[in-house]
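Asker: Structure file model04.txt, compact mmCIF, C-alpha atoms and all ligand atoms, is pasted below:
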# COMPACT_ATOMS: atom_id res chain seq x y z
CA MET A 328 -38.97 48.37 133.22
CA ASN A 329 -35.28 48.17 132.32
CA LEU A 330 -33.82 50.59 129.80
CA ILE A 331 -30.53 51.47 128.15
CA LEU A 332 -29.89 54.96 126.78
CA LEU A 333 -27.26 54.88 124.04
CA GLY A 334 -25.65 57.82 122.31
CA PRO A 335 -22.40 59.76 122.03
CA PRO A 336 -21.09 61.97 124.83
CA GLY A 337 -23.21 65.13 124.92
CA ALA A 338 -26.28 63.48 123.38
CA GLY A 339 -28.36 64.23 126.47
CA LYS A 340 -28.35 60.79 128.14
CA GLY A 341 -27.79 62.27 131.58
CA THR A 342 -30.58 64.84 131.28
CA GLN A 343 -33.07 62.34 129.92
CA SER A 344 -32.16 59.60 132.36
CA ASP A 345 -32.82 62.06 135.23
CA TRP A 346 -36.24 62.69 133.71
CA LEU A 347 -36.93 58.96 133.23
CA ARG A 348 -35.84 58.23 136.81
CA ASP A 349 -38.19 60.85 138.23
CA THR A 350 -41.11 60.13 135.90
CA TYR A 351 -41.10 56.33 136.04
CA ASN A 352 -39.53 55.77 139.46
CA LEU A 353 -36.56 53.89 138.06
CA ARG A 354 -33.02 53.65 139.36
CA LYS A 355 -30.56 55.64 137.30
CA LEU A 356 -27.26 53.82 136.82
CA ALA A 357 -24.82 56.26 135.23
CA THR A 358 -21.42 54.60 135.18
CA GLY A 359 -19.61 57.91 134.55
CA ASP A 360 -21.21 59.39 137.71
CA ILE A 361 -20.36 56.28 139.73
CA LEU A 362 -16.73 56.45 138.58
CA ARG A 363 -16.49 60.21 139.26
CA GLU A 364 -17.81 59.65 142.80
CA ALA A 365 -15.22 56.90 143.29
CA ALA A 366 -12.48 59.21 141.95
CA ALA A 367 -13.53 62.00 144.33
CA SER A 368 -13.61 59.63 147.31
CA GLY A 369 -9.99 58.58 146.78
CA SER A 370 -10.91 54.87 146.97
CA ASP A 371 -8.61 52.32 145.29
CA LEU A 372 -11.03 52.10 142.38
CA GLY A 373 -11.21 55.90 142.20
CA ASN A 374 -7.45 56.34 142.12
CA HIS A 375 -7.17 53.69 139.43
CA VAL A 376 -9.81 55.19 137.08
CA LYS A 377 -9.08 58.91 137.56
CA GLU A 378 -6.37 59.23 134.91
CA ILE A 379 -8.13 56.94 132.46
CA MET A 380 -11.24 59.11 132.61
CA ALA A 381 -9.30 62.36 132.30
CA SER A 382 -7.66 61.03 129.12
CA GLY A 383 -10.99 60.16 127.50
CA LYS A 384 -10.16 56.43 127.29
CA LEU A 385 -12.41 53.63 128.49
CA VAL A 386 -12.07 51.89 131.84
CA SER A 387 -11.55 48.11 131.48
CA ASP A 388 -14.51 45.85 130.77
CA ASP A 389 -13.77 43.74 133.88
CA ILE A 390 -14.04 46.70 136.23
CA MET A 391 -17.19 48.01 134.58
CA ILE A 392 -18.93 44.64 134.45
CA ASN A 393 -18.29 43.96 138.15
CA LEU A 394 -19.48 47.44 139.06
CA ILE A 395 -22.73 47.13 137.17
CA ARG A 396 -23.39 43.58 138.38
CA GLU A 397 -23.58 44.85 141.97
CA CYS A 398 -25.94 47.69 140.98
CA ILE A 399 -28.33 45.53 139.00
CA SER A 400 -28.73 42.89 141.67
CA ALA A 401 -29.31 45.48 144.44
CA PRO A 402 -32.86 45.75 145.89
CA SER A 403 -32.94 49.43 144.81
CA SER A 404 -33.03 48.27 141.18
CA ALA A 405 -36.07 46.04 141.72
CA ASN A 406 -38.54 48.49 140.15
CA GLY A 407 -36.30 48.80 137.09
CA PHE A 408 -33.30 50.77 135.97
CA ILE A 409 -31.94 53.09 133.30
CA LEU A 410 -28.41 52.41 132.18
CA ASP A 411 -26.61 55.60 131.11
CA GLY A 412 -23.06 55.01 129.87
CA PHE A 413 -23.15 51.21 130.06
CA PRO A 414 -22.69 49.08 128.04
CA ARG A 415 -20.02 50.82 125.97
CA THR A 416 -18.43 47.76 124.32
CA LEU A 417 -19.72 44.50 122.86
CA ALA A 418 -18.05 42.59 125.71
CA GLN A 419 -20.02 44.70 128.22
CA ALA A 420 -23.27 44.13 126.29
CA GLU A 421 -22.72 40.37 126.25
CA ALA A 422 -21.89 40.33 129.96
CA LEU A 423 -25.03 42.36 130.65
CA ASP A 424 -27.14 39.81 128.78
CA THR A 425 -25.68 37.04 130.91
CA MET A 426 -26.15 38.83 134.23
CA LEU A 427 -29.74 39.83 133.40
CA LYS A 428 -30.51 36.20 132.55
CA GLU A 429 -29.04 35.08 135.88
CA GLU A 430 -31.18 37.69 137.68
CA GLY A 431 -34.34 36.70 135.75
CA LYS A 432 -34.54 40.24 134.30
CA LYS A 433 -34.80 41.54 130.76
CA LEU A 434 -34.23 44.72 128.78
CA ASN A 435 -37.45 46.40 127.66
CA HIS A 436 -35.96 49.05 125.39
CA VAL A 437 -32.58 50.24 124.18
CA ILE A 438 -33.03 53.84 123.07
CA GLU A 439 -30.53 55.68 120.92
CA LEU A 440 -30.30 59.47 121.15
CA GLU A 441 -29.23 60.43 117.63
CA VAL A 442 -27.07 63.55 117.40
CA ASP A 443 -24.64 64.75 114.72
CA ASP A 444 -21.00 64.90 115.85
CA ALA A 445 -20.77 68.51 114.65
CA ILE A 446 -22.93 69.84 117.49
CA LEU A 447 -21.58 67.65 120.29
CA VAL A 448 -18.42 69.58 121.06
CA GLY A 449 -20.43 72.78 121.65
CA ARG A 450 -22.92 70.93 123.80
CA ILE A 451 -20.22 69.34 125.93
CA SER A 452 -17.99 72.35 126.39
CA GLY A 453 -20.93 74.44 127.67
CA ARG A 454 -22.18 72.03 130.28
CA TYR A 455 -21.78 72.21 134.04
CA SER A 456 -23.57 70.89 137.09
CA CYS A 457 -24.50 71.79 140.63
CA ALA A 458 -21.64 70.81 142.93
CA LYS A 459 -24.10 69.86 145.67
CA CYS A 460 -26.95 67.90 144.02
CA GLY A 461 -25.52 67.21 140.54
CA ALA A 462 -28.36 68.88 138.58
CA GLY A 463 -27.14 69.51 135.04
CA TYR A 464 -27.00 72.90 133.28
CA HIS A 465 -25.66 74.40 130.06
CA ASP A 466 -24.31 77.88 129.28
CA ASP A 467 -26.71 78.25 126.35
CA TYR A 468 -29.40 75.56 126.42
CA ARG A 469 -30.27 75.11 130.08
CA LYS A 470 -29.57 78.00 132.43
CA PRO A 471 -30.84 78.03 136.00
CA ALA A 472 -33.98 80.20 136.44
CA LYS A 473 -31.98 82.52 138.71
CA VAL A 474 -28.43 83.16 137.51
CA GLY A 475 -25.88 81.36 139.68
CA VAL A 476 -28.42 79.48 141.83
CA CYS A 477 -29.28 75.80 141.39
CA ASP A 478 -33.00 75.31 140.57
CA SER A 479 -33.10 72.00 142.42
CA CYS A 480 -31.32 72.68 145.72
CA GLY A 481 -30.51 76.41 145.87
CA SER A 482 -26.74 75.86 146.00
CA VAL A 483 -24.48 78.51 144.46
CA GLU A 484 -21.57 76.14 143.82
CA PHE A 485 -21.17 74.66 140.34
CA SER A 486 -18.53 72.52 138.68
CA ARG A 487 -17.39 71.43 135.24
CA ARG A 488 -16.12 67.96 134.36
CA GLU A 489 -12.38 67.64 133.87
CA ASP A 490 -12.89 65.59 130.69
CA ASP A 491 -15.28 68.10 129.07
CA ASN A 492 -12.59 69.87 127.05
CA ALA A 493 -12.20 69.95 123.26
CA SER A 494 -9.24 67.53 122.94
CA THR A 495 -10.64 64.89 125.31
CA VAL A 496 -14.06 65.21 123.72
CA SER A 497 -12.75 64.28 120.28
CA LYS A 498 -11.07 61.18 121.80
CA ARG A 499 -14.33 60.26 123.53
CA LEU A 500 -16.23 60.67 120.26
CA GLU A 501 -13.72 58.48 118.40
CA GLY A 502 -14.11 55.89 121.14
CA TYR A 503 -17.88 56.06 120.82
CA HIS A 504 -17.81 55.38 117.08
CA ALA A 505 -15.21 52.61 117.34
CA MET A 506 -16.38 50.77 120.48
CA THR A 507 -19.98 51.71 121.27
CA ALA A 508 -21.72 52.31 117.92
CA PRO A 509 -21.45 48.54 117.11
CA LEU A 510 -23.98 48.03 119.91
CA LEU A 511 -26.69 49.57 117.72
CA PRO A 512 -26.87 46.62 115.27
CA TYR A 513 -26.39 44.26 118.26
CA TYR A 514 -29.65 45.46 119.82
CA GLU A 515 -31.40 46.06 116.51
CA THR A 516 -31.18 42.36 115.64
CA ARG A 517 -32.85 41.63 119.00
CA GLY A 518 -35.74 43.94 118.02
CA ILE A 519 -35.40 46.22 121.07
CA LEU A 520 -33.62 49.23 119.56
CA LYS A 521 -35.55 52.50 119.19
CA SER A 522 -34.19 55.90 118.16
CA VAL A 523 -35.15 59.43 119.09
CA ASP A 524 -34.01 62.74 117.64
CA GLY A 525 -31.45 63.86 120.19
CA MET A 526 -31.07 67.21 118.43
CA ALA A 527 -34.59 68.26 119.38
CA GLY A 528 -35.13 70.36 122.52
CA ILE A 529 -35.04 68.68 125.95
CA ASP A 530 -38.84 68.54 126.38
CA GLU A 531 -39.37 67.22 122.88
CA VAL A 532 -36.86 64.40 123.44
CA SER A 533 -38.67 63.50 126.70
CA ARG A 534 -41.96 63.48 124.77
CA GLN A 535 -40.48 61.07 122.21
CA LEU A 536 -39.21 58.81 125.01
CA LYS A 537 -42.64 58.83 126.65
CA ALA A 538 -44.23 57.76 123.35
CA ILE A 539 -41.82 54.83 123.05
CA LEU A 540 -42.49 53.67 126.61
CA ALA A 541 -46.26 53.99 126.16
CA ALA A 542 -46.34 51.95 122.93
P1 LIG A 601 -19.58 59.51 130.95
O1 LIG A 601 -19.95 60.32 132.14
O2 LIG A 601 -20.60 58.44 130.63
O3 LIG A 601 -19.24 60.34 129.74
O4 LIG A 601 -18.25 58.70 131.34
C1 LIG A 601 -17.05 59.39 131.69
C2 LIG A 601 -15.86 58.46 131.56
O5 LIG A 601 -16.00 57.35 132.46
C3 LIG A 601 -15.67 57.81 130.19
O6 LIG A 601 -14.99 58.67 129.27
C4 LIG A 601 -14.85 56.57 130.55
O7 LIG A 601 -13.50 56.90 130.83
C5 LIG A 601 -15.49 56.14 131.87
N1 LIG A 601 -16.63 55.20 131.66
C6 LIG A 601 -17.94 55.42 131.99
N2 LIG A 601 -18.69 54.35 131.68
C7 LIG A 601 -17.87 53.44 131.11
C8 LIG A 601 -18.04 52.14 130.58
N3 LIG A 601 -19.24 51.55 130.52
N4 LIG A 601 -16.93 51.50 130.10
C9 LIG A 601 -15.72 52.06 130.14
N5 LIG A 601 -15.47 53.29 130.63
C10 LIG A 601 -16.53 53.99 131.13
As a first step, turn the structure in this file into structure tokens.

Answerer:
Amino acid sequence: MNLILLGPPGAGKGTQSDWLRDTYNLRKLATGDILREAAASGSDLGNHVKEIMASGKLVSDDIMINLIRECISAPSSANGFILDGFPRTLAQAEALDTMLKEEGKKLNHVIELEVDDAILVGRISGRYSCAKCGAGYHDDYRKPAKVGVCDSCGSVEFSRREDDNASTVSKRLEGYHAMTAPLLPYYETRGILKSVDGMAGIDEVSRQLKAILAA
């Protein structure tokens, strides 16, 4: 099963793609995470994308398409994958169609997490993650069971993303509406677009996803 999660920054794609990965044994391909790892490693790619990401702009289609091509053709994607953060432009969506065709694969569902812009800034500015295992948390909506200790791995180190600040977030939202929202009609005309209420609680959104995948 191959899925795309679409939605603005802060819609909950990361949280739900973790759940989908664990529940359906799929490979999670989160391009933002892959780029952040590259940036932290100091690789040529990482050095190139670091500033672009910090400014809230998009990395070039060529770089992203080559990156995702490698991931999709890897044996670890054989049971299926969830794309979180890709495609983000029509050029990326068209390239994805071509590479899936070449690989003899298809998209089963493209699922939009619908969330009003008004609540996204609050969601984004409160989020943080475990510095060791990457588990995601939020100051208000998703606190660890024991304050200051990661539920998943017990680490006490946490970090916040450099681009999760109010001014970068509004640029990222503008970019979403200008460049990524046109993907909704693109997939709707192919009959594979579904929507869930991304403003519902985390468990309720997972329940809605499960219903779509079971249908
Ligand atoms: P995310 O974690 O998905 O919010 O992505 C963080 C940042 O990585 C974005 O603001 C972009 O700068 C970059 N990025 C991630 N995925 C893509 C993509 N598919 N196309 C272009 N830039 C991307």

Asker: Between A:Gly341, A:Pro414, A:Pro402, A:Gly518, which residue has the minimum interatomic distance to ligand LIG 601 (chain A), considering only C-alpha atoms and all ligand atoms?

Answerer: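 Going through A:Gly341, A:Pro414, A:Pro402, A:Gly518 one by one, the smallest distance to ligand LIG 601 (chain A) is for A:Pro414.
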
Asker: Take atom CA of A:Thr516 and atom CA of A:Gly412 and report the distance between them in Å, one decimal.

Answerer: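 Straight-line distance from atom CA of A:Thr516 to atom CA of A:Gly412 works out to 20.7 Å.
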
Asker: Could you tell me which of A:Gly463, A:Gly337, A:Gly431, A:Gly383 comes closest to A:Thr495 if we count all atoms listed in the file?

Answerer: A:Gly383

Asker: A:Met380, A:Leu510, A:Ser486, A:Asn352: which is nearest A:Asn406, counting all atoms listed in the file?

Answerer: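 For A:Asn406, the nearest of the candidates is A:Asn352.
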
Asker: Which residues sit within 8 Å of ligand LIG 601 (chain A), counting all atoms listed in the file, listed as a ChimeraX atom specification?

Answerer: /A:336-337,357-360,362-363,376,379-388,391-392,411-416,419,490,499

Asker: Compare A:His436, A:His465, A:Arg488, A:Lys340 by their minimum atom-to-atom distance to A:Glu364, counting all atoms listed in the file, and give me the closest one.

Answerer: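 Checking each of A:His436, A:His465, A:Arg488, A:Lys340 against A:Glu364, counting all atoms listed in the file, the winner is A:Arg488.
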
Asker: Take atom CA of A:Ile519 and atom CA of A:Gly339 and report the distance between them in Å, one decimal.

Answerer: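 Straight-line distance from atom CA of A:Ile519 to atom CA of A:Gly339 works out to 20.1 Å.
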
Asker: Could you please determine the separation between atom CA of A:Ile409 and atom CA of A:Met506 in Å, to one decimal place?

Answerer: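 For atom CA of A:Ile409 relative to atom CA of A:Met506, the distance reads 20.3 Å.
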
Asker: So that I can see what lies close to A:Leu333, please list as an MDAnalysis selection string the residues with an atom at most 7 Å from it, counting only C-alpha atoms and leaving out residues fewer than 5 positions away in the same chain.

Answerer: chainID A and resid 438:440

Asker: Given the choices A:Ile446, A:Leu330, A:Gln343, A:His504, which gets closest to A:Glu531 if the distance is worked out from all atoms listed in the file?

Answerer: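 Distance minimum relative to A:Glu531 lands on A:Gln343.
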
Asker: Please work out which residues fall within 12 Å of (-31.8, 39.3, 130.4), coordinates as given in the file, with all atoms listed in the file counting, and return them as a ChimeraX atom specification.

Answerer: /A:328-330,399,420-436,517

Asker: Check the smallest atom-to-atom distance from each of A:Ile395, A:Ala505, A:Val483, A:Leu332 to A:Ser344 using all atoms listed in the file, then report the winner.

Answerer: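 The shortest atom-to-atom distance to A:Ser344 comes from A:Leu332.
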
Asker: Can you tell me, as a VMD selection string, what residues are no more than 8 Å from A:Ala338 when counting only C-alpha atoms, ignoring any on the same chain fewer than 3 positions away?

Answerer: chain A and resid 334 to 335 440 to 442 447 525 to 526

Asker: Please tell me which residues are no farther than 7 Å from (-24.9, 75.7, 134.0) in the file, counting all atoms listed in the file, and write them as number ranges by chain.

Answerer: A: 454-456, 463-466, 469-471
